[in-house]
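Shown next: model_30.cif, containing mmCIF, C-alpha atoms.
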```
data_final
#
loop_
_atom_site.group_PDB
_atom_site.id
_atom_site.type_symbol
_atom_site.label_atom_id
_atom_site.label_comp_id
_atom_site.auth_asym_id
_atom_site.auth_seq_id
_atom_site.Cartn_x
_atom_site.Cartn_y
_atom_site.Cartn_z
ATOM 1 C CA MET A 1 -9.463 -0.067 -9.727
ATOM 2 C CA LEU A 2 -9.637 0.625 -5.996
ATOM 3 C CA ASP A 3 -12.372 0.972 -3.378
ATOM 4 C CA PHE A 4 -11.442 3.562 -0.708
ATOM 5 C CA TYR A 5 -12.198 3.581 3.036
ATOM 6 C CA THR A 6 -11.304 5.915 5.895
ATOM 7 C CA PRO A 7 -9.687 4.426 9.006
ATOM 8 C CA ASP A 8 -11.765 4.299 12.202
ATOM 9 C CA PHE A 9 -9.645 5.610 15.076
ATOM 10 C CA THR A 10 -12.475 5.564 17.629
ATOM 11 C CA THR A 11 -11.659 2.049 18.793
ATOM 12 C CA GLN A 12 -8.486 0.594 20.187
ATOM 13 C CA LEU A 13 -7.525 -3.028 20.028
ATOM 14 C CA GLU A 14 -4.266 -3.800 21.739
ATOM 15 C CA LEU A 15 -3.053 -7.275 20.860
ATOM 16 C CA PRO A 16 -0.233 -9.263 22.481
ATOM 17 C CA LEU A 17 3.175 -8.781 20.887
ATOM 18 C CA ALA A 18 6.057 -11.210 21.214
ATOM 19 C CA ALA A 19 8.928 -9.276 22.808
ATOM 20 C CA GLY A 20 11.563 -10.887 20.578
ATOM 21 C CA ALA A 21 11.604 -11.507 16.859
ATOM 22 C CA ILE A 22 9.838 -14.594 15.515
ATOM 23 C CA SER A 23 12.334 -17.033 14.044
ATOM 24 C CA ALA A 24 11.843 -18.077 10.444
ATOM 25 C CA GLY A 25 14.449 -20.782 10.964
ATOM 26 C CA PHE A 26 14.497 -22.994 14.055
ATOM 27 C CA PRO A 27 11.504 -22.839 16.425
ATOM 28 C CA SER A 28 11.682 -20.750 19.588
ATOM 29 C CA PRO A 29 9.421 -20.804 22.662
ATOM 30 C CA ALA A 30 7.579 -17.567 21.773
ATOM 31 C CA GLU A 31 4.902 -17.977 24.479
ATOM 32 C CA GLU A 32 7.494 -17.125 27.122
ATOM 33 C CA TYR A 33 8.121 -13.733 25.504
ATOM 34 C CA ILE A 34 4.595 -12.363 25.076
ATOM 35 C CA GLU A 35 4.842 -9.291 27.288
ATOM 36 C CA LEU A 36 3.922 -6.246 25.259
ATOM 37 C CA ALA A 37 0.818 -4.991 23.492
ATOM 38 C CA ILE A 38 0.489 -3.366 20.092
ATOM 39 C CA ASP A 39 -2.283 -1.296 18.516
ATOM 40 C CA LEU A 40 -2.146 -1.729 14.728
ATOM 41 C CA ASN A 41 -3.642 1.740 14.121
ATOM 42 C CA LYS A 42 -0.738 3.308 16.014
ATOM 43 C CA GLU A 43 1.823 0.970 14.450
ATOM 44 C CA LEU A 44 0.758 1.189 10.795
ATOM 45 C CA ILE A 45 -0.695 4.697 10.488
ATOM 46 C CA LYS A 46 1.826 7.524 10.894
ATOM 47 C CA HIS A 47 -0.317 10.371 9.490
ATOM 48 C CA PRO A 48 -3.950 9.706 10.554
ATOM 49 C CA ALA A 49 -5.452 12.744 8.796
ATOM 50 C CA ALA A 50 -3.780 11.765 5.511
ATOM 51 C CA THR A 51 -4.265 7.982 5.607
ATOM 52 C CA PHE A 52 -6.842 5.893 3.779
ATOM 53 C CA TYR A 53 -7.513 2.233 3.174
ATOM 54 C CA ALA A 54 -8.229 0.832 -0.278
ATOM 55 C CA ARG A 55 -9.123 -2.616 -1.521
ATOM 56 C CA VAL A 56 -7.384 -3.833 -4.696
ATOM 57 C CA LYS A 57 -9.420 -4.885 -7.706
ATOM 58 C CA GLY A 58 -7.390 -6.524 -10.450
ATOM 59 C CA SER A 59 -4.037 -8.203 -10.993
ATOM 60 C CA SER A 60 -1.725 -5.577 -12.509
ATOM 61 C CA MET A 61 0.549 -5.621 -9.421
ATOM 62 C CA ILE A 62 0.540 -9.358 -8.703
ATOM 63 C CA ASP A 63 4.314 -9.762 -9.201
ATOM 64 C CA ALA A 64 4.881 -7.099 -6.525
ATOM 65 C CA GLY A 65 2.948 -9.277 -4.073
ATOM 66 C CA ILE A 66 -0.265 -7.247 -4.374
ATOM 67 C CA ALA A 67 -3.283 -9.368 -5.293
ATOM 68 C CA ASP A 68 -6.969 -8.816 -6.003
ATOM 69 C CA GLY A 69 -8.757 -8.240 -2.686
ATOM 70 C CA ASP A 70 -5.682 -7.095 -0.736
ATOM 71 C CA LEU A 71 -6.147 -4.212 1.671
ATOM 72 C CA LEU A 72 -3.803 -1.254 1.170
ATOM 73 C CA ILE A 73 -2.819 1.423 3.662
ATOM 74 C CA ILE A 74 -2.241 4.603 1.662
ATOM 75 C CA ASP A 75 -0.479 7.633 3.130
ATOM 76 C CA LYS A 76 -1.036 10.910 1.278
ATOM 77 C CA ALA A 77 1.597 12.687 3.420
ATOM 78 C CA LEU A 78 4.505 10.641 2.030
ATOM 79 C CA GLU A 79 6.562 12.145 -0.794
ATOM 80 C CA PRO A 80 6.660 10.069 -4.004
ATOM 81 C CA LYS A 81 10.048 8.726 -5.072
ATOM 82 C CA ASP A 82 11.253 6.855 -8.127
ATOM 83 C CA GLY A 83 10.514 3.154 -7.642
ATOM 84 C CA ASP A 84 7.777 3.637 -5.040
ATOM 85 C CA ILE A 85 4.313 2.147 -5.452
ATOM 86 C CA ALA A 86 1.674 4.854 -5.610
ATOM 87 C CA VAL A 87 -2.050 5.329 -5.989
ATOM 88 C CA CYS A 88 -2.385 7.601 -9.011
ATOM 89 C CA PHE A 89 -5.356 9.393 -10.490
ATOM 90 C CA ILE A 90 -5.085 9.401 -14.277
ATOM 91 C CA ASP A 91 -7.726 10.549 -16.732
ATOM 92 C CA GLY A 92 -10.609 10.052 -14.313
ATOM 93 C CA GLU A 93 -9.538 6.700 -12.804
ATOM 94 C CA PHE A 94 -7.460 5.519 -9.864
ATOM 95 C CA THR A 95 -4.695 2.985 -10.420
ATOM 96 C CA LEU A 96 -1.952 1.390 -8.338
ATOM 97 C CA LYS A 97 1.454 1.294 -10.065
ATOM 98 C CA ARG A 98 5.186 1.653 -9.450
ATOM 99 C CA LEU A 99 6.577 5.096 -10.338
ATOM 100 C CA ALA A 100 9.450 5.060 -12.831
ATOM 101 C CA LEU A 101 11.216 8.286 -13.737
ATOM 102 C CA LYS A 102 13.056 7.832 -17.032
ATOM 103 C CA GLU A 103 14.887 10.198 -19.377
ATOM 104 C CA ASP A 104 11.774 10.655 -21.526
ATOM 105 C CA GLY A 105 9.357 11.161 -18.636
ATOM 106 C CA LEU A 106 7.340 9.528 -15.898
ATOM 107 C CA TYR A 107 5.923 6.010 -16.316
ATOM 108 C CA LEU A 108 3.429 4.033 -14.265
ATOM 109 C CA MET A 109 4.787 0.503 -14.224
ATOM 110 C CA PRO A 110 2.624 -2.563 -13.652
ATOM 111 C CA ALA A 111 4.021 -5.664 -11.950
ATOM 112 C CA ASN A 112 2.429 -8.128 -14.361
ATOM 113 C CA ALA A 113 3.670 -8.850 -17.899
ATOM 114 C CA GLU A 114 0.069 -8.878 -19.178
ATOM 115 C CA PHE A 115 -0.149 -5.097 -18.608
ATOM 116 C CA LYS A 116 1.739 -2.324 -20.388
ATOM 117 C CA PRO A 117 3.494 0.632 -18.755
ATOM 118 C CA ILE A 118 1.641 3.939 -18.909
ATOM 119 C CA ARG A 119 3.668 6.958 -20.002
ATOM 120 C CA ILE A 120 2.439 10.185 -18.426
ATOM 121 C CA THR A 121 2.204 13.082 -20.877
ATOM 122 C CA GLU A 122 1.022 16.678 -20.664
ATOM 123 C CA GLU A 123 -2.288 15.546 -22.170
ATOM 124 C CA ASN A 124 -3.052 13.333 -19.152
ATOM 125 C CA ASP A 125 -5.082 14.556 -16.208
ATOM 126 C CA PHE A 126 -2.641 13.122 -13.655
ATOM 127 C CA LEU A 127 -2.011 13.235 -9.917
ATOM 128 C CA VAL A 128 -0.005 11.078 -7.523
ATOM 129 C CA TRP A 129 -2.808 10.720 -4.975
ATOM 130 C CA GLY A 130 -1.000 8.792 -2.223
ATOM 131 C CA MET A 131 1.820 6.411 -1.463
ATOM 132 C CA LEU A 132 1.511 2.760 -0.533
ATOM 133 C CA ALA A 133 2.554 2.399 3.112
ATOM 134 C CA TYR A 134 1.486 -1.204 3.833
ATOM 135 C CA ILE A 135 -0.195 -4.185 2.204
ATOM 136 C CA VAL A 136 -2.480 -6.458 4.225
ATOM 137 C CA HIS A 137 -3.278 -9.834 2.721
ATOM 138 C CA LYS A 138 -3.967 -13.402 3.683
ATOM 139 C CA PRO A 139 -1.103 -15.837 3.150
ATOM 140 C CA ARG A 140 -3.380 -18.186 1.161
#
```

Encoded form (structure tokens):
Amino acid sequence: MLDFYTPDFTTQLELPLAAGAISAGFPSPAEEYIELAIDLNKELIKHPAATFYARVKGSSMIDAGIADGDLLIIDKALEPKDGDIAVCFIDGEFTLKRLALKEDGLYLMPANAEFKPIRITEENDFLVWGMLAYIVHKPR
């Protein structure tokens, strides 16, 4: 289950950006390199008219690093590909799953062993609604 939101592009918030990469190994003096600014709307949203936010409800994608409460950036302009994570509309409900194209058809694959894959058939009312572009979540 997902709650959807439209992005607000009326405001700009440029934040400092470290000019170099942040080391995940030995510390570096990052304060000396803060020179640039970044606007997350411009950085994360490539197709403004086709982009939506959604909040995750549930745990079917937990092993893909997507948890209950995470904020998703969904781009409807991106083409779906095998293995991508997509927001799909199936039989009257939205769901977030990985697309898997197999010899016997298309499957929506969860990333949690407690959930079963969903095989898409001609009987399903089905649409790939949008593609997952980014996941925003707290580290704890």

Residues matched by the PyMOL selection byres ((chain A and resi 130) around 12) as an MDAnalysis selection string: chainID A and resid 4 47 50:54 72:81 84:89 94:99 127:129 131:134

Distance in Å - CA of Phe115 in chain A versus CA of Ser60 in chain A: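 Taking CA of Phe115 in chain A as the start and CA of Ser60 in chain A as the end point, the length is 6.3 Å.
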
Work out where the centre of an axis-aligned box around every listed atom of range 83-87 of chain A lies and how long its edges are once 4 Å is added on each side; give both in Å to one decimal as lines of an AutoDock Vina configuration file.
```
center_x = 4.2
center_y = 3.7
center_z = -6.3
size_x = 20.6
size_y = 11.2
size_z = 10.6
```

Could you write out as a compact mmCIF listing (two decimals) with C-alpha atoms, keeping the file's coordinate frame the residues that the PyMOL selection byres ((chain A and resi 122) around 12) matches in the shown file?
```
# COMPACT_ATOMS: atom_id res chain seq x y z
CA ILE A 90 -5.08 9.40 -14.28
CA ASP A 91 -7.73 10.55 -16.73
CA GLY A 105 9.36 11.16 -18.64
CA LEU A 106 7.34 9.53 -15.90
CA ARG A 119 3.67 6.96 -20.00
CA ILE A 120 2.44 10.18 -18.43
CA THR A 121 2.20 13.08 -20.88
CA GLU A 123 -2.29 15.55 -22.17
CA ASN A 124 -3.05 13.33 -19.15
CA ASP A 125 -5.08 14.56 -16.21
CA PHE A 126 -2.64 13.12 -13.66
CA LEU A 127 -2.01 13.24 -9.92
```

The PyMOL selection byres ((chain A and resi 110) around 9) applied to the shown file, residues as a list in words: Ser60, Met61, Ile62, Asp63, Ala64, Leu96, Lys97, Arg98, Leu108, Met109, Ala111, Asn112, Ala113, Glu114, Phe115, Lys116, Pro117 and Ile118 of chain A
